[in-house]
$ cat final.cif   # mmCIF, C-alpha atoms and all ligand atoms
data_protein
#
loop_
_atom_site.group_PDB
_atom_site.id
_atom_site.type_symbol
_atom_site.label_atom_id
_atom_site.label_comp_id
_atom_site.auth_asym_id
_atom_site.auth_seq_id
_atom_site.Cartn_x
_atom_site.Cartn_y
_atom_site.Cartn_z
ATOM 1 C CA MET T 1 121.582 141.353 164.847
ATOM 2 C CA CYS T 2 123.009 139.906 167.973
ATOM 3 C CA GLY T 3 122.095 139.609 171.607
ATOM 4 C CA ILE T 4 123.065 141.662 174.600
ATOM 5 C CA VAL T 5 122.257 140.731 178.183
ATOM 6 C CA GLY T 6 123.152 142.364 181.489
ATOM 7 C CA TYR T 7 122.303 141.689 185.128
ATOM 8 C CA VAL T 8 123.063 143.455 188.406
ATOM 9 C CA GLY T 9 121.332 142.411 191.599
ATOM 10 C CA TYR T 10 121.208 140.038 194.537
ATOM 11 C CA ARG T 11 121.644 136.774 192.646
ATOM 12 C CA THR T 12 124.680 135.182 191.018
ATOM 13 C CA ALA T 13 124.735 136.720 187.567
ATOM 14 C CA SER T 14 126.219 133.968 185.364
ATOM 15 C CA PRO T 15 123.263 131.497 185.260
ATOM 16 C CA LEU T 16 120.874 134.379 184.526
ATOM 17 C CA LEU T 17 123.131 135.737 181.787
ATOM 18 C CA LEU T 18 123.582 132.293 180.251
ATOM 19 C CA LYS T 19 119.824 131.661 180.128
ATOM 20 C CA GLY T 20 119.289 135.224 178.899
ATOM 21 C CA LEU T 21 121.669 134.572 175.988
ATOM 22 C CA LYS T 22 119.960 131.275 175.140
ATOM 23 C CA ASN T 23 116.617 133.069 175.065
ATOM 24 C CA LEU T 24 118.035 135.409 172.390
ATOM 25 C CA GLU T 25 119.541 132.695 170.181
ATOM 26 C CA TYR T 26 116.823 133.222 167.558
ATOM 27 C CA ARG T 27 118.606 136.478 166.667
ATOM 28 C CA GLY T 28 121.597 134.602 165.170
ATOM 29 C CA TYR T 29 125.306 134.744 166.110
ATOM 30 C CA GLY T 30 128.715 133.138 165.599
ATOM 31 C CA SER T 31 130.363 133.595 168.983
ATOM 32 C CA ALA T 32 129.398 134.416 172.542
ATOM 33 C CA GLY T 33 130.872 135.536 175.822
ATOM 34 C CA ILE T 34 130.203 136.625 179.393
ATOM 35 C CA ALA T 35 132.045 138.944 181.814
ATOM 36 C CA THR T 36 131.170 139.076 185.516
ATOM 37 C CA CYS T 37 132.463 140.530 188.754
ATOM 38 C CA HIS T 38 131.565 141.653 192.272
ATOM 39 C CA ALA T 39 132.050 145.322 193.085
ATOM 40 C CA GLN T 40 135.307 144.400 194.809
ATOM 41 C CA SER T 41 136.577 141.599 192.566
ATOM 42 C CA CYS T 42 138.406 141.423 189.223
ATOM 43 C CA ILE T 43 136.422 141.138 186.038
ATOM 44 C CA GLU T 44 136.573 137.675 184.511
ATOM 45 C CA VAL T 45 135.832 137.264 180.804
ATOM 46 C CA ARG T 46 135.074 133.965 179.057
ATOM 47 C CA LYS T 47 134.258 133.890 175.354
ATOM 48 C CA GLY T 48 134.543 131.739 172.249
ATOM 49 C CA ILE T 49 133.129 130.782 168.879
ATOM 50 C CA GLY T 50 130.225 128.419 168.268
ATOM 51 C CA LYS T 51 126.879 127.851 169.920
ATOM 52 C CA VAL T 52 126.285 129.049 173.471
ATOM 53 C CA GLU T 53 125.782 125.456 174.617
ATOM 54 C CA GLU T 54 129.101 124.285 173.098
ATOM 55 C CA ILE T 55 131.004 127.242 174.548
ATOM 56 C CA GLU T 56 129.345 126.623 177.915
ATOM 57 C CA LYS T 57 130.648 123.004 177.872
ATOM 58 C CA LYS T 58 134.180 124.225 177.149
ATOM 59 C CA LEU T 59 134.332 127.327 179.354
ATOM 60 C CA ASN T 60 131.770 126.594 182.062
ATOM 61 C CA PHE T 61 130.128 130.031 182.110
ATOM 62 C CA GLU T 62 128.023 129.030 185.103
ATOM 63 C CA SER T 63 131.052 128.795 187.370
ATOM 64 C CA LEU T 64 131.725 132.532 186.866
ATOM 65 C CA ASP T 65 131.291 134.325 190.163
ATOM 66 C CA GLY T 66 129.781 137.755 190.743
ATOM 67 C CA ASP T 67 126.476 139.522 191.227
ATOM 68 C CA MET T 68 126.749 141.581 188.084
ATOM 69 C CA GLY T 69 127.745 140.884 184.536
ATOM 70 C CA ILE T 70 127.320 141.471 180.839
ATOM 71 C CA ALA T 71 126.916 138.956 178.030
ATOM 72 C CA HIS T 72 126.819 138.932 174.240
ATOM 73 C CA THR T 73 126.139 136.856 171.180
ATOM 74 C CA ARG T 74 128.004 138.348 168.211
ATOM 75 C CA TRP T 75 126.869 138.865 164.648
ATOM 76 C CA ALA T 76 130.253 139.847 163.192
ATOM 77 C CA THR T 77 130.432 143.058 161.151
ATOM 78 C CA HIS T 78 134.104 144.041 161.663
ATOM 79 C CA GLY T 79 136.618 141.217 162.064
ATOM 80 C CA ALA T 80 136.260 137.481 161.532
ATOM 81 C CA VAL T 81 134.407 135.079 163.812
ATOM 82 C CA THR T 82 137.252 134.332 166.224
ATOM 83 C CA ASP T 83 137.669 133.954 169.980
ATOM 84 C CA ARG T 84 139.538 137.270 170.172
ATOM 85 C CA ASN T 85 136.853 139.164 168.286
ATOM 86 C CA ALA T 86 134.074 137.736 170.451
ATOM 87 C CA HIS T 87 132.633 140.128 173.047
ATOM 88 C CA PRO T 88 133.019 141.207 175.876
ATOM 89 C CA HIS T 89 136.023 143.415 175.105
ATOM 90 C CA THR T 90 138.205 145.005 177.746
ATOM 91 C CA ASP T 91 140.383 148.118 177.972
ATOM 92 C CA SER T 92 144.187 147.936 178.177
ATOM 93 C CA THR T 93 144.098 147.249 181.921
ATOM 94 C CA GLY T 94 141.351 144.595 181.863
ATOM 95 C CA LYS T 95 139.411 146.597 184.457
ATOM 96 C CA ILE T 96 136.653 147.793 182.139
ATOM 97 C CA ALA T 97 134.540 145.436 180.011
ATOM 98 C CA ILE T 98 131.933 146.223 177.368
ATOM 99 C CA VAL T 99 129.518 144.481 175.037
ATOM 100 C CA HIS T 100 128.244 146.231 171.929
ATOM 101 C CA ASN T 101 125.580 145.600 169.359
ATOM 102 C CA GLY T 102 125.712 147.663 166.183
ATOM 103 C CA ILE T 103 128.398 149.403 164.147
ATOM 104 C CA ILE T 104 130.812 152.162 165.200
ATOM 105 C CA GLU T 105 131.246 154.039 161.920
ATOM 106 C CA ASN T 106 134.154 156.216 163.066
ATOM 107 C CA TYR T 107 136.097 153.408 164.799
ATOM 108 C CA LYS T 108 139.142 153.699 162.511
ATOM 109 C CA GLU T 109 139.945 157.285 163.444
ATOM 110 C CA LEU T 110 139.184 156.595 167.116
ATOM 111 C CA LYS T 111 141.438 153.514 167.081
ATOM 112 C CA GLU T 112 144.321 155.457 165.475
ATOM 113 C CA GLU T 113 143.947 158.214 168.060
ATOM 114 C CA LEU T 114 143.905 155.700 170.932
ATOM 115 C CA ILE T 115 146.880 153.695 169.615
ATOM 116 C CA GLU T 116 148.846 156.937 169.434
ATOM 117 C CA LYS T 117 147.999 157.486 173.102
ATOM 118 C CA GLY T 118 149.425 154.055 173.939
ATOM 119 C CA HIS T 119 146.351 151.809 174.019
ATOM 120 C CA GLU T 120 146.893 148.184 173.040
ATOM 121 C CA PHE T 121 144.173 146.566 170.981
ATOM 122 C CA ARG T 122 143.518 142.832 170.994
ATOM 123 C CA SER T 123 140.737 142.466 168.426
ATOM 124 C CA GLU T 124 139.854 143.533 164.892
ATOM 125 C CA THR T 125 136.413 144.757 165.932
ATOM 126 C CA ASP T 126 134.994 148.258 165.765
ATOM 127 C CA SER T 127 133.595 147.688 169.279
ATOM 128 C CA GLU T 128 136.880 147.481 171.199
ATOM 129 C CA VAL T 129 137.430 151.261 170.854
ATOM 130 C CA ILE T 130 134.558 151.760 173.309
ATOM 131 C CA ALA T 131 136.411 150.096 176.213
ATOM 132 C CA HIS T 132 139.560 152.124 175.462
ATOM 133 C CA LEU T 133 137.635 155.392 175.150
ATOM 134 C CA ILE T 134 136.146 154.807 178.619
ATOM 135 C CA GLU T 135 139.649 154.025 179.950
ATOM 136 C CA GLU T 136 140.971 157.230 178.378
ATOM 137 C CA ASN T 137 138.392 159.263 180.322
ATOM 138 C CA ILE T 138 138.386 157.275 183.569
ATOM 139 C CA ALA T 139 139.893 160.139 185.593
ATOM 140 C CA TYR T 140 136.406 161.720 185.456
ATOM 141 C CA GLY T 141 134.911 158.682 187.229
ATOM 142 C CA PHE T 142 133.169 155.695 185.616
ATOM 143 C CA GLU T 143 129.823 157.380 184.885
ATOM 144 C CA ASP T 144 131.313 160.523 183.359
ATOM 145 C CA ALA T 145 133.946 158.514 181.497
ATOM 146 C CA CYS T 146 131.187 156.473 179.843
ATOM 147 C CA MET T 147 129.206 159.594 179.011
ATOM 148 C CA ARG T 148 132.254 161.238 177.427
ATOM 149 C CA ALA T 149 133.194 158.048 175.561
ATOM 150 C CA PHE T 150 129.694 157.470 174.154
ATOM 151 C CA LYS T 151 129.544 161.063 172.889
ATOM 152 C CA ARG T 152 132.481 160.305 170.582
ATOM 153 C CA LEU T 153 130.698 157.429 168.841
ATOM 154 C CA LYS T 154 129.077 157.650 165.408
ATOM 155 C CA GLY T 155 126.873 154.860 164.128
ATOM 156 C CA SER T 156 124.465 152.496 165.844
ATOM 157 C CA TYR T 157 124.932 151.015 169.251
ATOM 158 C CA ALA T 158 123.511 149.298 172.283
ATOM 159 C CA ILE T 159 126.317 149.150 174.826
ATOM 160 C CA LEU T 160 126.713 147.772 178.343
ATOM 161 C CA ALA T 161 129.805 148.554 180.413
ATOM 162 C CA ILE T 162 131.116 147.375 183.788
ATOM 163 C CA LYS T 163 134.208 148.335 185.754
ATOM 164 C CA GLU T 164 136.075 146.774 188.635
ATOM 165 C CA GLY T 165 135.282 148.525 191.900
ATOM 166 C CA GLU T 166 131.870 149.772 190.673
ATOM 167 C CA ASP T 167 128.645 147.995 191.595
ATOM 168 C CA LYS T 168 126.716 149.164 188.561
ATOM 169 C CA ILE T 169 126.134 148.528 184.889
ATOM 170 C CA ILE T 170 126.064 151.468 182.520
ATOM 171 C CA GLY T 171 124.047 151.170 179.328
ATOM 172 C CA VAL T 172 123.260 153.338 176.344
ATOM 173 C CA ARG T 173 121.393 152.899 173.085
ATOM 174 C CA LYS T 174 121.196 154.600 169.717
ATOM 175 C CA ASP T 175 119.451 152.898 166.787
ATOM 176 C CA SER T 176 120.074 149.432 168.258
ATOM 177 C CA PRO T 177 117.596 147.769 170.609
ATOM 178 C CA LEU T 178 118.070 147.754 174.381
ATOM 179 C CA VAL T 179 115.379 147.231 177.018
ATOM 180 C CA VAL T 180 115.501 147.085 180.809
ATOM 181 C CA GLY T 181 113.749 144.498 182.972
ATOM 182 C CA ILE T 182 113.062 145.353 186.607
ATOM 183 C CA ALA T 183 112.894 142.258 188.822
ATOM 184 C CA GLU T 184 112.544 142.060 192.601
ATOM 185 C CA HIS T 185 116.101 140.780 192.959
ATOM 186 C CA GLY T 186 117.802 142.997 190.392
ATOM 187 C CA THR T 187 117.885 144.740 187.045
ATOM 188 C CA PHE T 188 118.238 143.134 183.620
ATOM 189 C CA PHE T 189 119.260 144.624 180.299
ATOM 190 C CA ALA T 190 118.580 142.865 177.012
ATOM 191 C CA SER T 191 118.265 143.365 173.278
ATOM 192 C CA ASP T 192 114.778 141.943 173.511
ATOM 193 C CA ILE T 193 112.214 141.114 176.178
ATOM 194 C CA PRO T 194 112.188 137.276 175.882
ATOM 195 C CA SER T 195 115.694 137.292 177.339
ATOM 196 C CA PHE T 196 114.461 138.061 180.871
ATOM 197 C CA LEU T 197 110.721 137.228 180.767
ATOM 198 C CA GLU T 198 111.106 134.281 183.172
ATOM 199 C CA TRP T 199 112.274 136.663 185.888
ATOM 200 C CA THR T 200 110.216 139.770 185.275
ATOM 201 C CA LYS T 201 107.489 141.227 183.108
ATOM 202 C CA ASN T 202 108.287 144.788 184.179
ATOM 203 C CA VAL T 203 109.810 146.307 181.080
ATOM 204 C CA MET T 204 111.298 149.741 180.538
ATOM 205 C CA TYR T 205 111.723 150.765 176.919
ATOM 206 C CA LEU T 206 114.635 153.059 176.225
ATOM 207 C CA TYR T 207 114.814 155.934 173.775
ATOM 208 C CA ASN T 208 117.736 156.867 171.546
ATOM 209 C CA TYR T 209 120.642 158.297 173.588
ATOM 210 C CA ASP T 210 119.160 157.130 176.900
ATOM 211 C CA PHE T 211 122.067 156.671 179.302
ATOM 212 C CA VAL T 212 121.209 154.207 182.061
ATOM 213 C CA ILE T 213 122.966 153.620 185.357
ATOM 214 C CA ALA T 214 121.723 150.411 186.980
ATOM 215 C CA GLY T 215 122.717 149.402 190.503
ATOM 216 C CA LYS T 216 121.457 146.719 192.865
ATOM 217 C CA ASP T 217 118.588 148.842 194.138
ATOM 218 C CA GLY T 218 117.394 150.723 191.138
ATOM 219 C CA ILE T 219 118.165 152.616 187.995
ATOM 220 C CA ARG T 220 118.567 156.183 186.776
ATOM 221 C CA VAL T 221 118.086 157.264 183.171
ATOM 222 C CA TYR T 222 119.566 160.396 181.608
ATOM 223 C CA ASN T 223 119.111 161.952 178.206
ATOM 224 C CA GLU T 224 120.721 165.150 176.934
ATOM 225 C CA GLY T 225 122.298 165.748 180.324
ATOM 226 C CA GLY T 226 119.135 165.640 182.442
ATOM 227 C CA GLU T 227 117.451 162.827 184.345
ATOM 228 C CA VAL T 228 114.363 161.485 182.570
ATOM 229 C CA PHE T 229 111.447 159.273 183.549
ATOM 230 C CA ARG T 230 110.677 156.211 181.464
ATOM 231 C CA PRO T 231 107.504 154.347 182.413
ATOM 232 C CA ILE T 232 107.584 150.688 183.356
ATOM 233 C CA ASP T 233 105.271 148.632 181.221
ATOM 234 C CA THR T 234 103.902 145.173 181.934
ATOM 235 C CA PRO T 235 102.729 144.177 178.490
ATOM 236 C CA SER T 236 100.197 141.363 178.439
ATOM 237 C CA LEU T 237 101.122 140.459 174.873
ATOM 238 C CA ILE T 238 104.807 140.647 174.195
ATOM 239 C CA LEU T 239 105.947 140.380 170.614
ATOM 240 C CA ARG T 240 109.413 139.466 169.442
ATOM 241 C CA THR T 241 109.529 142.369 167.054
ATOM 242 C CA TYR T 242 110.907 145.144 169.223
ATOM 243 C CA THR T 243 113.708 146.982 167.356
HETATM 244 N N1 LIG T 301 130.264 145.464 165.140
HETATM 245 C C1 LIG T 301 130.529 144.622 166.269
HETATM 246 C C2 LIG T 301 131.427 143.448 165.894
HETATM 247 O O1 LIG T 301 131.609 143.150 164.756
HETATM 248 C C3 LIG T 301 129.270 144.142 166.952
HETATM 249 C C4 LIG T 301 128.486 143.185 166.103
HETATM 250 C C5 LIG T 301 127.165 142.783 166.747
HETATM 251 O O2 LIG T 301 126.238 143.594 166.735
HETATM 252 O O3 LIG T 301 127.100 141.634 167.202
HETATM 253 O O4 LIG T 301 131.966 142.837 166.791
#
$ encode --input "final.cif" --output "structure tokens" --more "lines below"
Ligand code: GLU
Amino acid sequence: MCGIVGYVGYRTASPLLLKGLKNLEYRGYGSAGIATCHAQSCIEVRKGIGKVEEIEKKLNFESLDGDMGIAHTRWATHGAVTDRNAHPHTDSTGKIAIVHNGIIENYKELKEELIEKGHEFRSETDSEVIAHLIEENIAYGFEDACMRAFKRLKGSYAILAIKEGEDKIIGVRKDSPLVVGIAEHGTFFASDIPSFLEWTKNVMYLYNYDFVIAGKDGIRVYNEGGEVFRPIDTPSLILRTYT
């Protein structure tokens, strides 16, 4: 298990992401990181090993600028607990960043294929292939590139992706938890509801293969190529057992 958090909206993302990560600490982890940007600014990634609070002291997450971002606490499955293996991971250009919870079972063959095409990898994780797969398809546009990349993945995943020049977060889930929180000032993603409960109780549960595009003013959800409607729930009793 690990924690994933995302925010896009009208507030500065980093304090919300930091608190969102702290609210998921009960899930266990060995490293953590945050990536943020504005639609028109470069993505900045800060990540390291240890507890969120210790990393925060060293890297000052809260000084990260930007009204959207993604964050992660890592429970290592592929690659040691190191700064480089911590999420978020970026593509070769540093313009696309992703966080991933789960296991990409076919990452070895994907990595070989991508290395042959000239991609440079910086981590030992299975997750990094996702950023490079999106990069490989980016000529189709960010949304389509993500859709094409996610279709290549086998295994379990909750993924959030951002790209420079795009004011949206793209998310997908299959056999790993991912929920959406709709607040007045923006949209949250998280592995579990307690992450964003202080800001909103409006929760959207996602189904396997739901592909979510979240912008400042709303979200769209697709599954099997078509747009789908997922109800927004405001549970009065929220349990920490959502999986
Ligand atoms: N398999 C990925 C890794 O080892 C993600 C682990 C997680 O779910 O935190 O980096």
$ resolve_selection --input "final.cif" --expression "the PyMOL selection byres (((chain T and resi 47) around 12) and not hetatm)" --output "count of residues only"
41
$ residues_near_ligand --input "final.cif" --ligand "ligand LIG 301 (chain T)" --cutoff "7 Å" --atoms "all atoms listed in the file" --output "PyMOL selection string"
chain T and resi 1-3+73-79+85-87+100-104+125-127
$ axis_aligned_box --input "final.cif" --around "region 33-46 of chain T" --padding-each-side "5 Å" --output "AutoDock Vina command-line options"
--center_x 134.3 --center_y 139.6 --center_z 185.3 --size_x 18.2 --size_y 21.4 --size_z 29.0
$ closest_residue --input "final.cif" --among "T:Ala158, T:Tyr205, T:Asn106, T:Ile4" --to "Gly28 (chain T)" --atoms "all atoms listed in the file"
T:Ile4
$ residues_around --input "final.cif" --residues "Asp233 (chain T)" --least-positions-apart "5" --cutoff "7 Å" --atoms "all atoms listed in the file" --output "list in words"
Asn202, Val203 and Met204 of chain T
$ residues_near_point --input "final.cif" --point "(134.2, 140.1, 187.6)" --cutoff "10 Å" --atoms "only C-alpha atoms" --output "list in words"
Ile34, Ala35, Thr36, Cys37, His38, Ala39, Gln40, Ser41, Cys42, Ile43, Glu44, Val45, Leu64, Asp65, Gly66, Asp67, Met68, Gly69, Ile70, Lys95, Ile96, Ala97, Ile162, Lys163, Glu164 and Gly165 of chain T
$ closest_residue --input "final.cif" --among "T:Gly226, T:Pro235, T:Gly215, T:Gly155" --to "Thr200 (chain T)" --atoms "all atoms listed in the file"
T:Pro235
$ residues_around --input "final.cif" --residues "Tyr7 (chain T)" --least-positions-apart "4" --cutoff "10 Å" --atoms "all atoms listed in the file" --output "ChimeraX atom specification"
/T:11-14,16-17,20,36,67-71,168-169,180-181,186-190,196,214-216
$ closest_residue --input "final.cif" --among "T:Glu25, T:Ile193, T:Glu116, T:Ile130" --to "Lys154 (chain T)" --atoms "all atoms listed in the file"
T:Ile130
$ residues_around --input "final.cif" --residues "Ile115 (chain T)" --least-positions-apart "2" --cutoff "12 Å" --atoms "all atoms listed in the file" --output "ChimeraX atom specification"
/T:91-92,107-113,117-122,128-129,132-133,136
$ atom_distance --input "final.cif" --atom1 "CA of Ile98 (chain T)" --atom2 "CA of Phe150 (chain T)"
11.9 Å
$ atom_distance --input "final.cif" --atom1 "CA of Leu153 (chain T)" --atom2 "CA of Val8 (chain T)"
25.2 Å
$ atom_distance --input "final.cif" --atom1 "CA of Arg173 (chain T)" --atom2 "CA of Tyr207 (chain T)"
7.3 Å
